[in-house]
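A.B. asks: What follows is a structure written as structure tokens; I'll ask about it next.
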Amino acid sequence: MEENTLARVLHSVAKRVRADFEQSQQFNHNLSAGESRELIAHDFLAHQLPRHIEAICGAEIATADGAVSPQCDIILADRSTPPLTHLQGYRIVPSECVYGMIEVKTRLNKQDLIDACEKVRKVKALPKAAYFPYPTQIPPRCQRHGKTYPYMPTIGMIFAFDSIDLDTLGEHFIEWCSDKEPEERPDSIWILGKGFFTWTHPASGLIHGNPEPGSSLGLDPGLDP
């Protein structure tokens, strides 16, 4: 059977990202390995995101009560809102303006997985409170993680260029999630050319974008491009 056209396109994109990553490892430059991989992921996202969302490398997130996140590899923020500071590429973005964050890893093993999960957990826990009152006095409602929010909760994802065996990685991820609430967990994990982990709805068993109470972890192995 002829391969799906969309699948062919996605495989070609994955090959290009892989080639950029491998090329970056062949040269001596002033960028660290972490900065190189973040820039490659950022460059890809910059051409895919809706225009109102900006991908920002190496920024921190601040809340109205003064809390600040660890430095995030990539933040997905509202493009219309100016940063709190922008000094030589260093940026701090208000929590209310953040749609999501992505931790980027070269090769995902147990230690790096736990490190990324903990960063995601801390960022997703940051409150969003500095909003103007809505004219109708009825704020929008967002159903997620088995709760109702008056705002869009921050999404947390992990992306890696490579990883250990996916089944083993999944076991480590389930172990980390075992004592965490749904809202603390990463929404998905993506490994280039191998596959991704996401959540399935507890009632239907279908892929669901966010962890809910009773959700199961789903693995979709990809074809190595």
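By convention here, the chains of the structure tokens are called A, B, ... in the order presented, each chain's residues are numbered starting at 1, and ligands are numbered starting at 1 in the order presented.
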Among the residues of segment 54-197 of chain A, find those DSSP assigns to helix (DSSP H, G or I) from the backbone and print them as JSON, numbers by chain.

C.D. replies: {"A": [95, 96, 97, 110, 111, 112, 113, 114, 115, 116, 117, 118, 119, 120, 121, 122, 123, 124, 166, 167, 168, 169, 170, 171, 172, 173, 174, 175, 176, 177, 182, 183, 184]}

A.B. asks: Take the residues that were just selected and, keeping C-alpha atoms, output them as a compact mmCIF listing (two decimals), in the first residue's frame.

C.D. replies:
# COMPACT_ATOMS: atom_id res chain seq x y z
CA SER A 95 3.14 33.78 33.20
CA GLU A 96 -0.21 34.99 31.88
CA CYS A 97 1.30 35.36 28.38
CA LYS A 110 16.29 8.33 32.72
CA GLN A 111 18.28 11.14 34.33
CA ASP A 112 17.52 13.67 31.59
CA LEU A 113 13.88 12.57 31.52
CA ILE A 114 13.48 13.23 35.24
CA ASP A 115 15.26 16.58 34.91
CA ALA A 116 12.95 17.64 32.08
CA CYS A 117 9.83 16.40 33.88
CA GLU A 118 10.73 18.38 37.00
CA LYS A 119 11.20 21.57 34.97
CA VAL A 120 7.85 21.01 33.27
CA ARG A 121 6.19 20.42 36.65
CA LYS A 122 7.57 23.67 38.09
CA VAL A 123 6.51 25.74 35.09
CA LYS A 124 3.01 24.27 34.94
CA LEU A 166 11.19 3.69 24.06
CA ASP A 167 9.65 0.94 26.18
CA THR A 168 12.29 1.50 28.87
CA LEU A 169 11.83 5.25 28.63
CA GLY A 170 8.08 4.80 29.02
CA GLU A 171 8.60 2.75 32.18
CA HIS A 172 10.76 5.51 33.66
CA PHE A 173 8.12 8.09 32.72
CA ILE A 174 5.29 6.09 34.30
CA GLU A 175 7.39 5.69 37.44
CA TRP A 176 7.93 9.46 37.68
CA CYS A 177 4.25 10.18 37.07
CA PRO A 182 -2.35 15.11 36.18
CA GLU A 183 -1.71 18.86 36.06
CA GLU A 184 1.95 18.30 37.06

A.B. asks: If you count only C-alpha atoms, which residues fall within 12 Å of Ile207 of chain A, apart from same-chain ones fewer than 2 positions away, as JSON, numbers by chain?

C.D. replies: {"A": [187, 188, 196, 197, 198, 199, 200, 201, 202, 203, 204, 205, 209, 210, 211, 212, 215, 216, 217, 218, 219, 220]}

A.B. asks: Can you write just those residues out, N, CA and C atoms, as a PDB file, in the first residue's frame?

C.D. replies:
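Generated output (again_22.pdb):
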ATOM      1  N   ASP A 187       2.640  17.049  29.022  1.00  0.00           N
ATOM      2  CA  ASP A 187       1.511  16.712  28.156  1.00  0.00           C
ATOM      3  C   ASP A 187       1.908  15.738  27.056  1.00  0.00           C
ATOM      4  N   SER A 188       3.170  15.745  26.677  1.00  0.00           N
ATOM      5  CA  SER A 188       3.646  14.800  25.661  1.00  0.00           C
ATOM      6  C   SER A 188       5.168  14.800  25.637  1.00  0.00           C
ATOM      7  N   PHE A 196       6.435   9.014  19.876  1.00  0.00           N
ATOM      8  CA  PHE A 196       6.066   9.973  20.916  1.00  0.00           C
ATOM      9  C   PHE A 196       5.173   9.318  21.956  1.00  0.00           C
ATOM     10  N   PHE A 197       5.195   9.907  23.139  1.00  0.00           N
ATOM     11  CA  PHE A 197       4.312   9.503  24.228  1.00  0.00           C
ATOM     12  C   PHE A 197       3.254  10.579  24.407  1.00  0.00           C
ATOM     13  N   THR A 198       2.015  10.138  24.551  1.00  0.00           N
ATOM     14  CA  THR A 198       0.942  11.064  24.846  1.00  0.00           C
ATOM     15  C   THR A 198      -0.041  10.349  25.758  1.00  0.00           C
ATOM     16  N   TRP A 199      -1.163  10.984  26.029  1.00  0.00           N
ATOM     17  CA  TRP A 199      -2.135  10.422  26.971  1.00  0.00           C
ATOM     18  C   TRP A 199      -3.395   9.992  26.247  1.00  0.00           C
ATOM     19  N   THR A 200      -4.041   8.952  26.754  1.00  0.00           N
ATOM     20  CA  THR A 200      -5.310   8.498  26.190  1.00  0.00           C
ATOM     21  C   THR A 200      -6.436   8.803  27.164  1.00  0.00           C
ATOM     22  N   HIS A 201      -7.587   9.152  26.607  1.00  0.00           N
ATOM     23  CA  HIS A 201      -8.737   9.526  27.436  1.00  0.00           C
ATOM     24  C   HIS A 201      -9.202   8.327  28.249  1.00  0.00           C
ATOM     25  N   PRO A 202      -9.481   8.522  29.549  1.00  0.00           N
ATOM     26  CA  PRO A 202      -9.860   7.382  30.400  1.00  0.00           C
ATOM     27  C   PRO A 202     -11.153   6.699  29.984  1.00  0.00           C
ATOM     28  N   ALA A 203     -12.062   7.425  29.320  1.00  0.00           N
ATOM     29  CA  ALA A 203     -13.344   6.833  28.933  1.00  0.00           C
ATOM     30  C   ALA A 203     -13.293   6.210  27.542  1.00  0.00           C
ATOM     31  N   SER A 204     -12.785   6.952  26.567  1.00  0.00           N
ATOM     32  CA  SER A 204     -12.813   6.490  25.177  1.00  0.00           C
ATOM     33  C   SER A 204     -11.568   5.700  24.775  1.00  0.00           C
ATOM     34  N   GLY A 205     -10.465   5.916  25.471  1.00  0.00           N
ATOM     35  CA  GLY A 205      -9.217   5.277  25.080  1.00  0.00           C
ATOM     36  C   GLY A 205      -8.531   5.948  23.907  1.00  0.00           C
ATOM     37  N   GLY A 209      -5.001  15.178  24.351  1.00  0.00           N
ATOM     38  CA  GLY A 209      -3.843  16.058  24.406  1.00  0.00           C
ATOM     39  C   GLY A 209      -3.264  16.313  25.774  1.00  0.00           C
ATOM     40  N   ASN A 210      -4.037  16.072  26.821  1.00  0.00           N
ATOM     41  CA  ASN A 210      -3.585  16.408  28.167  1.00  0.00           C
ATOM     42  C   ASN A 210      -3.884  15.277  29.131  1.00  0.00           C
ATOM     43  N   PRO A 211      -3.053  15.102  30.156  1.00  0.00           N
ATOM     44  CA  PRO A 211      -3.334  14.065  31.149  1.00  0.00           C
ATOM     45  C   PRO A 211      -4.557  14.415  31.987  1.00  0.00           C
ATOM     46  N   GLU A 212      -5.443  13.444  32.152  1.00  0.00           N
ATOM     47  CA  GLU A 212      -6.638  13.591  32.967  1.00  0.00           C
ATOM     48  C   GLU A 212      -6.602  12.529  34.063  1.00  0.00           C
ATOM     49  N   SER A 215      -6.124   8.792  33.106  1.00  0.00           N
ATOM     50  CA  SER A 215      -5.517   8.663  31.776  1.00  0.00           C
ATOM     51  C   SER A 215      -4.433   7.595  31.771  1.00  0.00           C
ATOM     52  N   SER A 216      -4.275   6.945  30.616  1.00  0.00           N
ATOM     53  CA  SER A 216      -3.188   5.993  30.419  1.00  0.00           C
ATOM     54  C   SER A 216      -2.170   6.592  29.462  1.00  0.00           C
ATOM     55  N   LEU A 217      -0.936   6.135  29.572  1.00  0.00           N
ATOM     56  CA  LEU A 217       0.116   6.617  28.689  1.00  0.00           C
ATOM     57  C   LEU A 217       0.089   5.839  27.387  1.00  0.00           C
ATOM     58  N   GLY A 218       0.104   6.551  26.271  1.00  0.00           N
ATOM     59  CA  GLY A 218       0.106   5.914  24.964  1.00  0.00           C
ATOM     60  C   GLY A 218       1.425   6.152  24.250  1.00  0.00           C
ATOM     61  N   LEU A 219       1.923   5.147  23.553  1.00  0.00           N
ATOM     62  CA  LEU A 219       3.156   5.245  22.775  1.00  0.00           C
ATOM     63  C   LEU A 219       2.837   5.019  21.314  1.00  0.00           C
ATOM     64  N   ASP A 220       3.266   5.956  20.475  1.00  0.00           N
ATOM     65  CA  ASP A 220       3.112   5.801  19.029  1.00  0.00           C
ATOM     66  C   ASP A 220       4.509   5.744  18.425  1.00  0.00           C
TER      67      ASP A 220
END

A.B. asks: Could you pull the residues within 6 Å of Ile53 of chain A, counting only C-alpha atoms, minus those fewer than 2 positions along the same chain, as a short mmCIF file (atom, residue, chain, number, x, y, z; two decimals) with C-alpha atoms, in the first residue's frame?

C.D. replies:
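After the write, result.cif holds the following:
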data_model
loop_
_atom_site.label_atom_id
_atom_site.label_comp_id
_atom_site.auth_asym_id
_atom_site.auth_seq_id
_atom_site.Cartn_x
_atom_site.Cartn_y
_atom_site.Cartn_z
CA PRO A 50 0.41 30.47 14.33
CA ARG A 51 1.48 34.08 13.90
CA ALA A 77 4.28 32.98 24.32
CA ASP A 78 1.74 35.49 23.08
CA ARG A 79 3.55 37.61 20.50
#

A.B. asks: Hey, which of A:Thr63, A:Thr106, A:Ser80, A:Thr154 ends up closest to Glu35 of chain A? Count only C-alpha atoms.

C.D. replies: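 Going through A:Thr63, A:Thr106, A:Ser80, A:Thr154 one by one, the smallest distance to Glu35 of chain A is for A:Thr106.
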
A.B. asks: For Asp165 of chain A, which of A:Ala125, A:Ile191, A:Cys142, A:Val104 is the closest residue, counting only C-alpha atoms?

C.D. replies: A:Ile191

A.B. asks: Would you kindly return, as a PyMOL selection string, each protein, DNA or RNA residue with an atom no farther than 9 Å from any atom of Val68 of chain A, considering only C-alpha atoms and excluding same-chain residues fewer than 4 positions away?

C.D. replies: chain A and resi 60-63+92+123+126

A.B. asks: Of the residues A:Leu192, A:Cys72, A:Ala67, A:Leu39, which is the one nearest to Glu103 of chain A, using only C-alpha atoms?

C.D. replies: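 Going through A:Leu192, A:Cys72, A:Ala67, A:Leu39 one by one, the smallest distance to Glu103 of chain A is for A:Cys72.
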
A.B. asks: Distance atom CA of Cys57 of chain A-atom CA of Val93 of chain A, one decimal place?

C.D. replies: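 Separating atom CA of Cys57 of chain A from atom CA of Val93 of chain A is a distance of 11.4 Å.
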
A.B. asks: Taking only C-alpha atoms into account, which of A:Pro186, A:Gly193, A:Pro213, A:Gly156 comes nearest Tyr99 of chain A?

C.D. replies: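 So, comparing all the options, the nearest one is A:Gly156.
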
A.B. asks: Atom CA of Phe159 of chain A and atom CA of Ala46 of chain A, how far apart in Å?

C.D. replies: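 So the two atoms, atom CA of Ala46 of chain A and atom CA of Phe159 of chain A, lie 15.3 Å apart.
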
A.B. asks: How many Å separate atom CA of Ser163 of chain A from atom CA of Ile189 of chain A?

C.D. replies: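 It comes out at 10.9 Å.
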
A.B. asks: Using DSSP on the backbone coordinates, identify the residues of segment 72-176 of chain A assigned to strand (DSSP E); present them as JSON, numbers by chain.

C.D. replies: {"A": [72, 73, 74, 75, 76, 77, 78, 85, 86, 87, 90, 91, 92, 93, 94, 98, 99, 100, 101, 102, 103, 104, 105, 106, 107, 108, 142, 143, 144, 147, 148, 149, 155, 156, 157, 158, 159, 160, 161, 162, 163]}

A.B. asks: May I have the selected residues written with C-alpha atoms, as a short mmCIF file (atom, residue, chain, number, x, y, z; two decimals), in the first residue's frame?

C.D. replies:
data_model
loop_
_atom_site.label_atom_id
_atom_site.label_comp_id
_atom_site.auth_asym_id
_atom_site.auth_seq_id
_atom_site.Cartn_x
_atom_site.Cartn_y
_atom_site.Cartn_z
CA CYS A 72 13.25 27.21 29.89
CA ASP A 73 14.74 25.87 26.66
CA ILE A 74 11.80 27.14 24.61
CA ILE A 75 8.76 29.15 25.67
CA LEU A 76 5.66 29.54 23.52
CA ALA A 77 4.28 32.98 24.32
CA ASP A 78 1.74 35.49 23.08
CA THR A 85 13.10 42.54 30.09
CA HIS A 86 15.13 41.87 26.95
CA LEU A 87 18.81 42.29 27.80
CA TYR A 90 17.82 37.34 28.04
CA ARG A 91 14.06 37.51 28.46
CA ILE A 92 11.53 37.26 31.24
CA VAL A 93 7.94 36.66 30.17
CA PRO A 94 4.80 37.08 32.33
CA VAL A 98 2.73 31.84 28.18
CA TYR A 99 0.94 29.12 26.22
CA GLY A 100 3.52 26.42 26.76
CA MET A 101 7.13 25.39 27.26
CA ILE A 102 9.37 22.77 25.66
CA GLU A 103 12.41 21.13 27.19
CA VAL A 104 14.91 20.04 24.51
CA LYS A 105 17.36 17.17 25.03
CA THR A 106 20.07 15.66 22.85
CA ARG A 107 19.47 12.10 24.04
CA LEU A 108 16.74 11.27 26.53
CA CYS A 142 -11.11 25.78 30.29
CA GLN A 143 -11.64 22.12 31.16
CA ARG A 144 -8.32 20.37 31.66
CA LYS A 147 -10.51 20.69 36.65
CA THR A 148 -12.04 23.96 35.46
CA TYR A 149 -9.69 26.92 34.97
CA ILE A 155 1.28 23.15 28.29
CA GLY A 156 4.55 21.33 28.97
CA MET A 157 6.33 19.15 26.41
CA ILE A 158 9.68 17.38 26.05
CA PHE A 159 11.50 16.98 22.74
CA ALA A 160 14.65 14.92 22.14
CA PHE A 161 16.80 14.18 19.10
CA ASP A 162 17.40 10.64 20.36
CA SER A 163 16.62 8.41 23.34
#

A.B. asks: Of the residues A:His52, A:Ala59, A:Gly214, A:Arg185, which is the one nearest to Glu38 of chain A, using only C-alpha atoms?

C.D. replies: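 The closest residue to Glu38 of chain A is A:Ala59.
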
A.B. asks: Kindly indicate which residue among A:Ser69, A:His42, A:Pro140, A:His208 lies nearest to Ile56 of chain A, using only C-alpha atoms for the distances.

C.D. replies: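 Closest to Ile56 of chain A, using only C-alpha atoms: A:His42.
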